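Participant: So here's structure16.cif (mmCIF, C-alpha atoms).
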```
data_my_file
loop_
_atom_site.label_atom_id
_atom_site.label_comp_id
_atom_site.auth_asym_id
_atom_site.auth_seq_id
_atom_site.Cartn_x
_atom_site.Cartn_y
_atom_site.Cartn_z
CA MET A 1 0.00 0.00 0.00
CA ILE A 2 2.80 2.43 0.98
CA LYS A 3 4.70 1.54 -2.20
CA LEU A 4 1.58 2.24 -4.28
CA LEU A 5 1.08 5.65 -2.61
CA ARG A 6 4.73 6.57 -3.24
CA THR A 7 4.39 5.63 -6.91
CA ARG A 8 1.21 7.68 -7.30
CA TRP A 9 2.83 10.65 -5.51
CA ARG A 10 5.80 10.57 -7.89
CA ILE A 11 3.48 10.43 -10.91
CA LEU A 12 1.45 13.37 -9.56
CA THR A 13 4.59 15.43 -8.89
CA LEU A 14 5.96 14.71 -12.37
CA THR A 15 2.61 15.68 -13.94
CA VAL A 16 2.58 19.03 -12.09
CA LEU A 17 6.14 19.79 -13.17
CA ILE A 18 5.28 19.04 -16.81
CA ILE A 19 2.21 21.31 -16.67
CA VAL A 20 4.24 24.17 -15.14
CA SER A 21 6.96 23.73 -17.77
CA ILE A 22 4.42 23.86 -20.62
CA GLY A 23 2.83 26.95 -19.09
CA LEU A 24 6.16 28.78 -18.84
CA SER A 25 7.04 27.83 -22.42
CA GLY A 26 3.68 29.17 -23.57
CA LEU A 27 4.37 32.50 -21.88
CA VAL A 28 7.63 32.80 -23.77
CA TRP A 29 5.83 32.35 -27.09
CA ILE A 30 2.92 34.73 -26.43
CA MET A 31 4.96 37.52 -24.83
CA PRO A 32 7.00 38.82 -27.79
CA PHE A 33 7.73 42.33 -26.49
CA ARG A 34 10.88 42.37 -24.39
CA GLY A 35 12.11 45.93 -24.68
CA ASP A 36 15.88 45.95 -24.78
CA ARG A 37 16.21 43.61 -21.78
CA LEU A 38 18.38 46.05 -19.90
CA ASN A 39 18.88 43.79 -16.93
CA GLU A 40 20.00 40.75 -18.91
CA VAL A 41 23.75 41.33 -18.74
CA ARG A 42 25.54 42.82 -15.75
CA SER A 43 29.18 43.85 -15.70
CA THR A 44 31.37 42.64 -12.86
CA HIS A 45 33.67 45.63 -13.26
CA SER A 46 31.36 48.45 -12.17
CA THR A 47 29.10 49.56 -9.39
CA PRO A 48 25.32 49.13 -9.96
CA THR A 49 24.92 52.88 -10.55
CA THR A 50 27.65 52.87 -13.19
CA ASP A 51 26.04 49.79 -14.78
CA GLN A 52 22.73 51.59 -15.14
CA GLN A 53 24.35 54.62 -16.73
CA ALA A 54 26.47 52.48 -19.05
CA MET A 55 23.41 50.60 -20.28
CA LEU A 56 21.89 53.85 -21.52
CA TYR A 57 24.87 54.16 -23.88
CA VAL A 58 25.06 50.63 -25.26
CA PRO A 59 24.83 50.64 -29.11
CA THR A 60 21.36 49.91 -30.46
CA THR A 61 21.97 48.47 -33.96
CA VAL A 62 23.64 45.07 -34.42
CA ILE A 63 24.83 43.94 -37.86
CA LYS A 64 26.55 40.67 -38.74
CA THR A 65 28.69 40.70 -41.91
CA ASP A 66 29.33 37.29 -43.48
CA ASN A 67 32.43 36.10 -45.31
CA ASP A 68 30.92 37.26 -48.62
CA ARG A 69 30.35 40.74 -47.09
CA GLU A 70 26.58 40.35 -47.14
CA GLN A 71 25.12 42.10 -44.10
CA GLN A 72 22.25 41.08 -41.83
CA LEU A 73 20.52 43.16 -39.17
CA LEU A 74 20.10 41.04 -36.02
CA PHE A 75 17.28 41.41 -33.51
CA GLY A 76 15.29 39.23 -31.13
CA GLN A 77 18.21 36.90 -30.31
CA PRO A 78 17.62 34.86 -27.14
CA GLN A 79 20.69 36.56 -25.66
CA ASN A 80 20.96 40.33 -26.19
CA VAL A 81 23.93 40.72 -28.54
CA ALA A 82 24.72 44.36 -27.71
CA LEU A 83 24.79 43.71 -23.97
CA THR A 84 26.85 40.55 -24.45
CA ALA A 85 29.33 42.62 -26.49
CA GLN A 86 29.44 45.17 -23.67
CA GLU A 87 30.15 42.44 -21.12
CA SER A 88 32.94 41.00 -23.29
CA LEU A 89 34.50 44.33 -24.19
CA GLN A 90 34.62 45.45 -20.57
CA LYS A 91 37.06 42.60 -19.96
CA TRP A 92 39.31 43.42 -22.90
CA GLU A 93 42.21 45.84 -22.75
CA LEU A 94 42.35 48.26 -25.71
CA SER A 95 45.55 50.14 -26.47
CA GLN A 96 47.81 51.62 -29.17
CA ALA A 97 45.46 53.68 -31.31
CA HIS A 98 46.32 53.97 -35.02
CA GLN A 99 44.37 56.13 -37.46
CA ILE A 100 44.00 53.99 -40.60
CA ALA A 101 41.42 55.91 -42.64
CA LYS A 102 40.14 59.46 -42.96
CA GLY A 103 38.35 61.56 -45.55
CA SER A 104 37.26 58.83 -48.00
CA VAL A 105 33.65 57.69 -47.84
CA ASP A 106 34.39 54.69 -50.10
CA VAL A 107 37.13 53.42 -47.78
CA TYR A 108 34.85 54.07 -44.81
CA ARG A 109 32.04 52.01 -46.31
CA ASN A 110 34.48 49.17 -46.98
CA TYR A 111 35.28 49.05 -43.26
CA LEU A 112 31.58 49.09 -42.42
CA ARG A 113 31.31 45.97 -44.59
CA GLN A 114 34.41 44.15 -43.35
CA SER A 115 33.89 40.42 -43.86
CA ASN A 116 33.21 38.09 -40.92
CA SER A 117 32.63 40.89 -38.43
CA LEU A 118 30.13 42.31 -35.98
CA LEU A 119 29.19 45.98 -36.30
CA LEU A 120 27.61 47.77 -33.32
CA SER A 121 26.23 51.20 -34.17
CA TYR A 122 24.90 54.17 -32.21
CA PRO A 123 21.92 56.20 -33.45
CA SER A 124 24.09 59.31 -32.99
CA ALA A 125 27.77 59.84 -32.17
CA VAL A 126 28.88 59.52 -28.54
CA SER A 127 32.02 61.03 -27.05
CA LEU A 128 35.06 58.81 -26.57
CA GLN A 129 34.70 59.41 -22.83
CA THR A 130 31.20 57.92 -22.97
CA PHE A 131 32.62 54.93 -24.85
CA ASN A 132 35.27 54.54 -22.12
CA ASP A 133 32.66 54.68 -19.36
CA THR A 134 30.36 52.20 -21.12
CA PHE A 135 33.04 49.64 -21.94
CA ASN A 136 35.43 50.13 -19.01
CA GLN A 137 38.29 51.46 -21.16
CA LYS A 138 40.88 54.23 -20.77
CA LEU A 139 41.44 55.39 -24.35
CA SER A 140 42.89 58.86 -24.95
CA ALA A 141 40.77 61.39 -26.83
CA ASN A 142 43.82 63.05 -28.41
CA GLY A 143 42.86 61.55 -31.77
CA LEU A 144 39.35 60.13 -32.09
CA LYS A 145 36.83 62.20 -30.13
CA LYS A 146 33.47 60.75 -31.24
CA VAL A 147 32.30 57.19 -31.94
CA ASN A 148 29.48 56.08 -34.29
CA HIS A 149 30.40 52.43 -34.84
CA ILE A 150 32.32 49.64 -33.10
CA LEU A 151 33.68 47.02 -35.50
CA ILE A 152 34.66 43.65 -33.98
CA PRO A 153 36.25 40.96 -36.20
CA LEU A 154 34.67 37.60 -35.37
CA LYS A 155 37.87 35.64 -35.68
CA THR A 156 40.62 36.31 -33.18
CA THR A 157 42.78 39.09 -34.61
CA GLY A 158 43.77 41.09 -31.57
CA LYS A 159 42.24 44.15 -33.30
CA LEU A 160 39.15 46.31 -32.82
CA TYR A 161 38.02 49.35 -34.81
CA LEU A 162 36.23 52.53 -33.72
CA MET A 163 34.64 54.59 -36.49
CA SER A 164 33.39 58.16 -36.67
CA ASP A 165 31.07 59.44 -39.40
CA GLN A 166 32.76 62.82 -38.91
CA ASN A 167 35.21 63.00 -41.84
CA TRP A 168 34.91 59.21 -42.32
CA THR A 169 37.54 58.40 -39.69
CA VAL A 170 38.64 54.88 -38.63
CA TYR A 171 40.94 54.02 -35.72
CA ARG A 172 42.39 50.58 -35.03
CA TYR A 173 43.20 49.37 -31.52
CA ASN A 174 45.11 46.38 -30.20
CA ILE A 175 43.30 44.02 -27.82
CA ARG A 176 44.62 42.07 -24.87
CA ALA A 177 42.58 39.36 -23.11
CA GLU A 178 40.35 38.97 -26.17
CA LYS A 179 37.72 36.21 -25.93
CA LEU A 180 35.01 35.83 -28.57
CA SER A 181 33.22 32.61 -27.58
CA LYS A 182 30.31 34.25 -25.69
CA LEU A 183 29.87 36.89 -28.36
CA ARG A 184 29.76 34.35 -31.18
CA ALA A 185 27.27 32.23 -29.24
CA ALA A 186 24.96 35.25 -28.76
CA LEU A 187 24.58 35.61 -32.55
CA THR A 188 22.52 32.43 -32.88
CA GLY A 189 18.74 32.36 -33.16
CA GLY A 190 16.47 35.39 -33.42
CA GLU A 191 15.65 37.35 -36.55
CA ARG A 192 17.83 38.55 -39.46
CA ARG A 193 17.07 41.05 -42.22
CA PRO A 194 19.33 42.03 -45.18
CA VAL A 195 20.76 45.57 -44.92
CA GLU A 196 23.40 47.69 -46.63
CA TYR A 197 25.05 51.06 -46.08
CA ARG A 198 24.51 53.72 -48.75
CA GLN A 199 25.54 57.34 -49.11
CA ILE A 200 22.87 60.03 -49.43
CA ASN A 201 23.31 63.78 -49.10
CA ASN A 202 26.84 63.32 -47.72
CA GLN A 203 25.55 60.92 -45.05
CA VAL A 204 26.16 57.19 -44.77
CA VAL A 205 22.84 55.59 -43.81
CA LEU A 206 21.65 52.05 -43.15
CA THR A 207 19.18 50.93 -45.81
CA TYR A 208 16.99 47.91 -46.52
CA PRO A 209 17.49 46.66 -50.12
CA HIS A 210 14.28 44.60 -50.12
CA ALA A 211 10.80 44.92 -48.66
CA ILE A 212 11.05 44.05 -44.98
CA SER A 213 8.51 42.32 -42.74
CA LEU A 214 8.64 43.16 -39.04
CA PRO A 215 6.47 42.09 -36.10
CA THR A 216 4.14 44.36 -34.16
CA TYR A 217 4.39 44.43 -30.36
CA ALA A 218 1.87 45.13 -27.63
CA ALA A 219 2.19 46.24 -24.02
CA LYS A 220 0.24 47.76 -21.18
CA VAL A 221 0.66 51.49 -20.60
CA ASN A 222 1.60 52.80 -17.14
CA TYR A 223 0.84 56.34 -15.97
CA GLN A 224 2.59 58.10 -13.10
CA SER A 225 1.06 60.93 -11.09
CA ALA A 226 2.50 64.41 -11.61
CA ILE A 227 2.82 64.66 -7.81
CA THR A 228 5.31 61.78 -7.95
CA PHE A 229 7.58 63.93 -10.11
CA THR A 230 7.18 67.03 -7.94
CA GLN A 231 8.42 65.05 -4.97
CA ALA A 232 11.47 63.92 -6.92
CA LEU A 233 12.36 67.05 -8.92
CA LEU A 234 11.22 69.85 -6.61
CA ASN A 235 12.62 68.25 -3.46
CA ASN A 236 9.10 68.23 -2.10
CA SER A 237 9.36 66.02 0.97
CA GLN A 238 6.49 67.84 2.66
CA SER A 239 3.29 68.69 0.80
CA GLY A 240 3.05 72.04 2.60
CA ASN A 241 6.15 73.31 0.74
CA LEU A 242 4.51 72.86 -2.66
CA ALA A 243 2.29 75.42 -4.39
CA SER A 244 0.44 75.09 -7.68
CA ARG A 245 -1.64 77.16 -10.04
CA GLN A 246 -3.67 76.31 -13.12
CA ASP A 247 -3.26 77.98 -16.51
CA GLY A 248 -5.77 76.48 -18.94
CA GLN A 249 -4.94 72.78 -19.24
CA GLN A 250 -1.58 73.28 -17.57
CA VAL A 251 -0.85 72.85 -13.87
CA ILE A 252 2.30 74.66 -12.72
CA TYR A 253 3.98 73.36 -9.57
CA HIS A 254 6.67 75.32 -7.68
CA ASN A 255 8.20 75.41 -4.22
CA GLY A 256 9.56 78.94 -4.00
CA THR A 257 12.96 78.09 -5.52
CA ASN A 258 14.35 78.45 -9.04
CA LYS A 259 12.65 75.19 -10.08
CA ARG A 260 9.19 74.49 -11.42
CA LEU A 261 7.28 71.65 -13.06
CA VAL A 262 4.62 72.25 -15.74
CA TYR A 263 2.08 69.47 -16.34
CA ASN A 264 -0.23 69.35 -19.36
CA ARG A 265 -3.36 67.47 -18.35
CA THR A 266 -4.50 67.01 -21.96
CA ASN A 267 -1.57 64.96 -23.26
CA GLY A 268 0.33 64.07 -20.08
CA GLU A 269 3.47 65.97 -21.09
CA LEU A 270 5.66 67.39 -18.32
CA LYS A 271 8.37 70.02 -18.46
CA PHE A 272 10.82 70.52 -15.63
CA GLU A 273 12.58 73.92 -15.58
CA ASN A 274 15.54 74.83 -13.42
CA TYR A 275 17.81 77.88 -13.49
CA LEU A 276 21.31 76.72 -12.65
CA GLU A 277 23.85 78.90 -10.93
CA LYS A 278 26.79 79.74 -13.17
CA SER A 279 29.11 77.56 -11.11
CA LYS A 280 26.82 74.56 -11.69
CA GLN A 281 26.44 74.88 -15.44
CA PHE A 282 28.03 71.98 -17.25
CA THR A 283 30.22 71.63 -20.33
CA TYR A 284 29.79 69.39 -23.37
CA GLN A 285 32.17 66.83 -21.85
CA GLU A 286 30.08 66.73 -18.67
CA ALA A 287 26.70 66.42 -20.41
CA ASP A 288 26.27 62.64 -20.21
CA GLY A 289 26.91 62.43 -16.49
CA HIS A 290 24.86 65.53 -15.66
CA PHE A 291 21.79 64.41 -17.60
CA TYR A 292 22.02 60.91 -16.16
CA ARG A 293 22.07 62.23 -12.59
CA ARG A 294 18.97 64.26 -13.41
CA LEU A 295 17.30 61.14 -14.86
CA GLN A 296 17.93 59.30 -11.61
CA GLN A 297 16.07 62.00 -9.70
CA THR A 298 12.86 61.79 -11.74
CA GLY A 299 11.55 58.42 -10.68
CA LEU A 300 10.94 57.65 -14.37
CA VAL A 301 10.96 54.07 -15.61
CA LEU A 302 14.35 53.75 -17.33
CA GLU A 303 14.06 50.16 -18.58
CA GLY A 304 14.37 50.05 -22.36
CA LEU A 305 15.67 53.64 -22.43
CA ARG A 306 18.68 54.35 -24.66
CA PHE A 307 20.74 57.35 -25.70
CA ASP A 308 19.32 58.53 -29.03
CA SER A 309 20.98 61.84 -29.98
CA TYR A 310 23.03 64.80 -28.79
CA ARG A 311 23.06 68.22 -30.43
CA SER A 312 26.09 70.08 -29.15
CA ASN A 313 25.02 73.44 -30.62
CA GLN A 314 21.77 73.27 -28.63
CA ARG A 315 23.24 71.35 -25.67
CA GLN A 316 20.35 68.96 -26.09
CA MET A 317 20.29 65.24 -25.37
CA ILE A 318 17.46 62.86 -26.21
CA TYR A 319 16.90 59.47 -24.62
CA ARG A 320 14.33 57.19 -26.22
CA THR A 321 12.68 53.86 -25.43
CA TYR A 322 13.81 51.05 -27.75
CA VAL A 323 12.26 47.69 -28.54
CA GLU A 324 14.55 45.00 -29.98
CA GLY A 325 16.97 47.69 -31.16
CA PHE A 326 14.32 49.90 -32.83
CA PRO A 327 13.36 53.36 -31.46
CA ILE A 328 9.81 54.21 -30.39
CA TYR A 329 8.13 57.46 -31.48
CA ASN A 330 5.08 59.32 -30.23
CA GLU A 331 3.86 62.86 -30.88
CA HIS A 332 3.58 63.59 -27.15
CA ASN A 333 7.05 62.24 -26.22
CA TYR A 334 5.72 58.99 -24.76
CA GLY A 335 8.79 56.90 -24.13
CA ALA A 336 11.22 59.79 -24.79
CA ILE A 337 13.06 62.27 -22.59
CA VAL A 338 14.42 65.51 -24.05
CA MET A 339 17.00 67.35 -21.91
CA GLN A 340 18.78 70.61 -22.70
CA GLN A 341 20.41 73.70 -21.23
CA ASN A 342 20.67 77.14 -22.81
CA GLN A 343 23.44 79.71 -22.53
CA GLN A 344 21.61 81.51 -19.72
CA GLY A 345 21.67 78.41 -17.54
CA LEU A 346 18.02 77.41 -17.99
CA GLU A 347 17.82 73.64 -17.80
CA GLU A 348 14.74 71.98 -19.31
CA MET A 349 13.61 68.38 -19.28
CA THR A 350 10.52 67.33 -21.26
CA PHE A 351 8.99 63.89 -20.80
CA SER A 352 5.64 62.14 -20.30
CA ASP A 353 3.71 60.54 -17.49
CA ALA A 354 3.18 57.46 -19.73
CA SER A 355 5.57 54.51 -20.06
CA LEU A 356 5.43 50.98 -21.44
CA GLY A 357 4.46 48.31 -18.94
CA THR A 358 3.92 44.57 -19.03
CA PRO A 359 4.20 42.91 -22.47
CA LEU A 360 0.92 41.58 -23.90
CA PRO A 361 0.21 38.67 -26.24
CA LYS A 362 0.61 39.67 -29.88
CA THR A 363 -2.78 40.31 -31.53
CA ALA A 364 -1.81 42.04 -34.79
CA GLY A 365 0.30 40.39 -37.47
CA SER A 366 3.54 41.54 -39.03
CA VAL A 367 3.85 44.69 -41.13
CA THR A 368 5.66 44.71 -44.49
CA LEU A 369 7.54 47.90 -45.31
CA PRO A 370 8.88 48.78 -48.78
CA SER A 371 12.58 48.80 -49.56
CA THR A 372 14.45 52.00 -48.69
CA ALA A 373 14.92 52.71 -52.41
CA VAL A 374 11.12 52.85 -52.86
CA VAL A 375 10.90 55.35 -49.98
CA PHE A 376 13.70 57.47 -51.47
CA ASN A 377 11.98 57.51 -54.87
CA ALA A 378 8.73 58.67 -53.27
CA LEU A 379 10.58 61.41 -51.38
CA ARG A 380 12.29 62.49 -54.60
CA ALA A 381 8.92 62.73 -56.37
CA ASN A 382 7.62 64.83 -53.47
CA GLY A 383 10.62 67.19 -53.54
CA GLU A 384 11.90 66.10 -50.11
CA LEU A 385 14.89 63.89 -50.92
CA LYS A 386 17.52 66.66 -51.01
CA ALA A 387 16.61 67.63 -47.44
CA VAL A 388 16.96 64.09 -46.01
CA GLN A 389 19.55 63.83 -43.21
CA GLY A 390 18.88 60.22 -42.29
CA ILE A 391 16.41 57.33 -42.40
CA ARG A 392 15.60 54.59 -39.91
CA ILE A 393 12.89 52.11 -39.00
CA GLY A 394 11.10 52.81 -35.74
CA TYR A 395 7.95 51.78 -33.92
CA GLN A 396 5.00 54.15 -33.70
CA TRP A 397 3.25 54.45 -30.34
CA LYS A 398 -0.17 55.66 -31.37
CA THR A 399 -2.94 55.50 -28.82
CA ASN A 400 -5.65 57.59 -27.21
CA ARG A 401 -4.92 59.40 -23.97
CA ASN A 402 -5.46 57.18 -20.90
CA ALA A 403 -5.52 54.00 -23.01
CA THR A 404 -4.55 50.98 -20.94
CA SER A 405 -2.58 49.28 -23.71
CA VAL A 406 -0.82 50.07 -26.97
CA THR A 407 0.18 48.25 -30.15
CA LEU A 408 3.58 49.31 -31.49
CA VAL A 409 3.66 49.35 -35.29
CA PRO A 410 6.86 49.52 -37.40
CA THR A 411 7.34 52.23 -40.03
CA TYR A 412 10.10 54.32 -41.63
CA TYR A 413 11.15 57.60 -40.05
CA VAL A 414 12.99 60.22 -42.09
CA LYS A 415 15.21 62.91 -40.56
CA ILE A 416 14.59 66.36 -42.04
CA GLY A 417 15.48 69.63 -40.32
CA ASN A 418 16.90 67.65 -37.38
CA GLN A 419 13.44 66.14 -36.74
CA TRP A 420 12.34 62.56 -37.31
CA GLU A 421 9.12 62.41 -39.36
CA ASN A 422 6.93 59.44 -40.26
CA TYR A 423 7.61 58.86 -43.97
CA GLN A 424 3.91 58.35 -44.68
CA VAL A 425 3.22 61.93 -43.55
CA LEU A 426 5.94 63.24 -45.88
CA ILE A 427 4.76 61.19 -48.84
CA HIS A 428 0.97 60.96 -48.55
CA GLU A 429 -0.02 64.10 -46.70
CA GLY A 430 1.73 66.75 -48.73
CA GLY A 431 5.02 66.81 -46.87
CA ARG A 432 5.93 69.12 -44.03
CA GLN A 433 3.62 71.98 -43.15
#
```
Mind converting the file's structure to structure tokens?
Facilitator:
Amino acid sequence: MIKLLRTRWRILTLTVLIIVSIGLSGLVWIMPFRGDRLNEVRSTHSTPTTDQQAMLYVPTTVIKTDNDREQQLLFGQPQNVALTAQESLQKWELSQAHQIAKGSVDVYRNYLRQSNSLLLSYPSAVSLQTFNDTFNQKLSANGLKKVNHILIPLKTTGKLYLMSDQNWTVYRYNIRAEKLSKLRAALTGGERRPVEYRQINNQVVLTYPHAISLPTYAAKVNYQSAITFTQALLNNSQSGNLASRQDGQQVIYHNGTNKRLVYNRTNGELKFENYLEKSKQFTYQEADGHFYRRLQQTGLVLEGLRFDSYRSNQRQMIYRTYVEGFPIYNEHNYGAIVMQQNQQGLEEMTFSDASLGTPLPKTAGSVTLPSTAVVFNALRANGELKAVQGIRIGYQWKTNRNATSVTLVPTYYVKIGNQWENYQVLIHEGGRQ
């Protein structure tokens, strides 16, 4: 009798384990939206705070170049390739910089297409100091000052290349303690799409030579109270210190100092304003660290957030939410944070009370976009091509205010006048107004 009970207990336990395993596997298949999985890879070289800042400046675009120099955009790999590259690179020792190319766009494009390599690209150039902080290096900025691309040969060569779109500059560095096994393993699985670099209007841009099919994603939308941000940004530990007034649909919060927070109740947009003392104004070299410290103070959800652009002439930095390496756009700055400081010391930070929450099962199918050449031809016919500064695929966050969920839909975005515009607006709605 006891033996029979033991046998039945074992069968019951095994059955429960199988059911749980099937359930977990099912969740993996129905939850396609994973953001950029910021917490997947942790460096052992840095403090947690430094890790969080470094993750904001990990490259967003991952391209594998085969032996025949055909290039594939990678996304959705089980292991995040960009973060795996960061973990590997933090353990390497880079030294002995040599400038090996400058001034020739053809030579530059050849390096971008170096056979059997991995190319990690930023959406906009970062300073060499930011590269050092992100990858735990100590490279001198006497030569190369900005980085657009990191080129890693996938066979052991003891070499690594940093590339700047500014004057088509390439630097080669020697590597000590190079290990590629984890990085190569991270390239397996996931999705791949053919890509190629082309020159347009004196810019080298990533293009898609064929029509491209991409998945849609869905997620819940979280909203944070404006009072939450006043407590963080206005140092409002006691409600009695905070005053507010209403101006139309705007609520203006202040605490009697040089700071204030303006909240738009219609679209959920917030603007934090702060007049800095002259001694506290920061330089271009200090921008990354200063803006990151301000981000920490907001209480904003930073998961999935990445550095997107920096305009030195406006001292403006934009961080944007990414999904699987693609940026997310919304007309009310959902998922984006715009930070800047003017010459008079006025610091402004514009963001939203909305952020992406829990992934949801995919309900819509994939979307097929035309090749980049088709988009360029349509822009040429509309008289817009000569003004194009860049092109990229991003995901549109389009939803009604206070919606509890959102479907993210892929589309092309075209950079004109330093602004990213949905290509369908430029082509089908008469261009810019």
Participant: Select all residues near (45.8, 50.7, -28.0) (cut-off 7 Å, inclusive, file coordinates), counting only C-alpha atoms, and output them as a PyMOL selection string.
Facilitator: chain A and resi 94-97+173-174
Participant: For the selection just defined, write its residues with C-alpha atoms to a file, as a PDB file, in the frame of the given file.
Facilitator:
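Result file result05.pdb:
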```
ATOM      1  CA  LEU A  94      42.350  48.260 -25.710  1.00  0.00           C
ATOM      2  CA  SER A  95      45.550  50.140 -26.470  1.00  0.00           C
ATOM      3  CA  GLN A  96      47.810  51.620 -29.170  1.00  0.00           C
ATOM      4  CA  ALA A  97      45.460  53.680 -31.310  1.00  0.00           C
ATOM      5  CA  TYR A 173      43.200  49.370 -31.520  1.00  0.00           C
ATOM      6  CA  ASN A 174      45.110  46.380 -30.200  1.00  0.00           C
TER       7      ASN A 174
END
```
Participant: Quick one: everything within 10 Å of Val375 (chain A), counting only C-alpha atoms, minus sequence neighbours fewer than 6 positions away in the same chain. Send it as a count of residues only.
Facilitator: 9
Participant: Please identify all polymer residues within 10 Å of region 347-355 of chain A, counting all atoms listed in the file, omitting same-chain residues fewer than 2 positions from it, and present them as a ChimeraX atom specification.
Facilitator: /A:219-226,228-229,259-265,267-276,281,291,294-295,300-303,315-319,321,332-345,357,401-403
Participant: Using only C-alpha atoms, which of A:Pro123, A:Asn255, A:Lys179, A:Leu234 sits nearest Pro327 (chain A)?
Facilitator: A:Pro123
Participant: When you draw a straight line from CA of Ala85 (chain A) to CA of Tyr208 (chain A), how long is it in Å?
Facilitator: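 Computing the Euclidean distance for CA of Ala85 (chain A) and CA of Tyr208 (chain A) yields 24.1 Å.
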Participant: List, as a PyMOL selection string, every residue that the PyMOL selection byres ((chain A and resi 213) around 9) selects in the file provided.
Facilitator: chain A and resi 193+211-212+214-215+366-370
Participant: Could you expand the PyMOL selection byres ((chain A and resi 144) around 9) into the explicit residues it covers here, written as a PyMOL selection string?
Facilitator: chain A and resi 97+99+127-128+140-143+145-147+162-164+169-171
Participant: Just give me the gap between CA of Asn67 (chain A) and CA of Ala185 (chain A) in Å, one decimal is fine.
Facilitator: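 These two atoms are separated by 17.3 Å.
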Participant: Quick one: apply the PyMOL selection byres ((chain A and resi 118) around 9) to the file and drop the selected residues here as a ChimeraX atom specification.
Facilitator: /A:62-65,114-117,119-120,150-154
Participant: May I ask which of the residues A:Phe131, A:Glu324, A:Val251, A:Pro209 is the closest one to Gln77 (chain A), counting all atoms listed in the file?
Facilitator: A:Glu324
Participant: Just the residues within 12 Å of Ser181 (chain A), please, counting all atoms listed in the file, with nothing from its chain fewer than 4 positions along; format it as a list in words.
Facilitator: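 Counting only the stated atoms, we get Thr84, Ala85, Ser88, Leu154, Lys155, Thr156, Ala185, Ala186, Leu187 and Thr188 of chain A.
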Participant: Provide the CA of Thr411 (chain A) to CA of Asn313 (chain A) distance in Å, to one decimal place.
Facilitator: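 If I compute the distance from CA of Thr411 (chain A) to CA of Asn313 (chain A), I get 29.2 Å.
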Participant: Rank nothing, just name the residue among A:Ser405, A:Gln129, A:Asn80, A:Asn330 nearest to Lys182 (chain A), using all atoms listed in the file.
Facilitator: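 Using all atoms listed in the file, Lys182 (chain A) sits closest to A:Asn80.
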Participant: Quick one: of A:Arg311, A:Arg306, A:Lys398, A:Lys102, who's nearest to Gln166 (chain A), counting only C-alpha atoms?
Facilitator: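 The closest residue to Gln166 (chain A) is A:Lys102.
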Participant: A:Tyr413, A:Tyr122, A:Phe376, A:Tyr310: which is nearest Val425 (chain A), counting only C-alpha atoms?
Facilitator: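 The shortest atom-to-atom distance to Val425 (chain A) comes from A:Tyr413.
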Participant: So that I can check the surroundings of Pro194 (chain A), please list as a list of chain:residue names every protein, DNA and RNA residue that reaches within 8 Å of it, counting only C-alpha atoms and ignoring chain neighbours fewer than 4 positions away.
Facilitator: A:Glu70, A:Gln71, A:Gln72, A:Leu73, A:Tyr208, A:Pro209, A:His210
Participant: If you count all atoms listed in the file, which residues fall within 8 Å of Val409 (chain A), apart from same-chain ones fewer than 6 positions away, as a list in words?
Facilitator: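 Here the qualifying residues turn out to be Pro215, Thr216, Tyr217, Val367, Tyr395, Gln396 and Trp397 of chain A.
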Participant: For those residues, write C-alpha atoms to a file as a PDB file, keeping the file's coordinate frame.
Facilitator:
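Once everything was written out, this is again.pdb:
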```pdb
ATOM      1  CA  PRO A 215       6.470  42.090 -36.100  1.00  0.00           C
ATOM      2  CA  THR A 216       4.140  44.360 -34.160  1.00  0.00           C
ATOM      3  CA  TYR A 217       4.390  44.430 -30.360  1.00  0.00           C
ATOM      4  CA  VAL A 367       3.850  44.690 -41.130  1.00  0.00           C
ATOM      5  CA  TYR A 395       7.950  51.780 -33.920  1.00  0.00           C
ATOM      6  CA  GLN A 396       5.000  54.150 -33.700  1.00  0.00           C
ATOM      7  CA  TRP A 397       3.250  54.450 -30.340  1.00  0.00           C
TER       8      TRP A 397
END
```
Participant: Take the point (16.7, 44.7, -31.9) as written in the file and pick out every residue within 6 Å of it, counting all atoms listed in the file; give the list as a list in words.
Facilitator: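 Checked against the point, the hits come out as Phe75, Gly76, Glu324, Gly325 and Phe326 of chain A.
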Participant: Could you complete region 125-130 of chain A so that it carries N, CA and C atoms, and give it back as a compact mmCIF listing (two decimals), keeping the file's coordinate frame?
Facilitator:
```txt
# COMPACT_ATOMS: atom_id res chain seq x y z
N ALA A 125 26.41 59.98 -32.71
CA ALA A 125 27.77 59.84 -32.17
C ALA A 125 27.79 60.07 -30.66
N VAL A 126 28.62 59.29 -29.96
CA VAL A 126 28.88 59.52 -28.54
C VAL A 126 30.33 59.93 -28.39
N SER A 127 30.64 60.62 -27.30
CA SER A 127 32.02 61.03 -27.05
C SER A 127 32.86 59.81 -26.71
N LEU A 128 34.17 59.92 -26.92
CA LEU A 128 35.06 58.81 -26.57
C LEU A 128 35.01 58.55 -25.07
N GLN A 129 34.80 59.60 -24.27
CA GLN A 129 34.70 59.41 -22.83
C GLN A 129 33.49 58.55 -22.47
N THR A 130 32.38 58.75 -23.19
CA THR A 130 31.20 57.92 -22.97
C THR A 130 31.49 56.48 -23.35
```
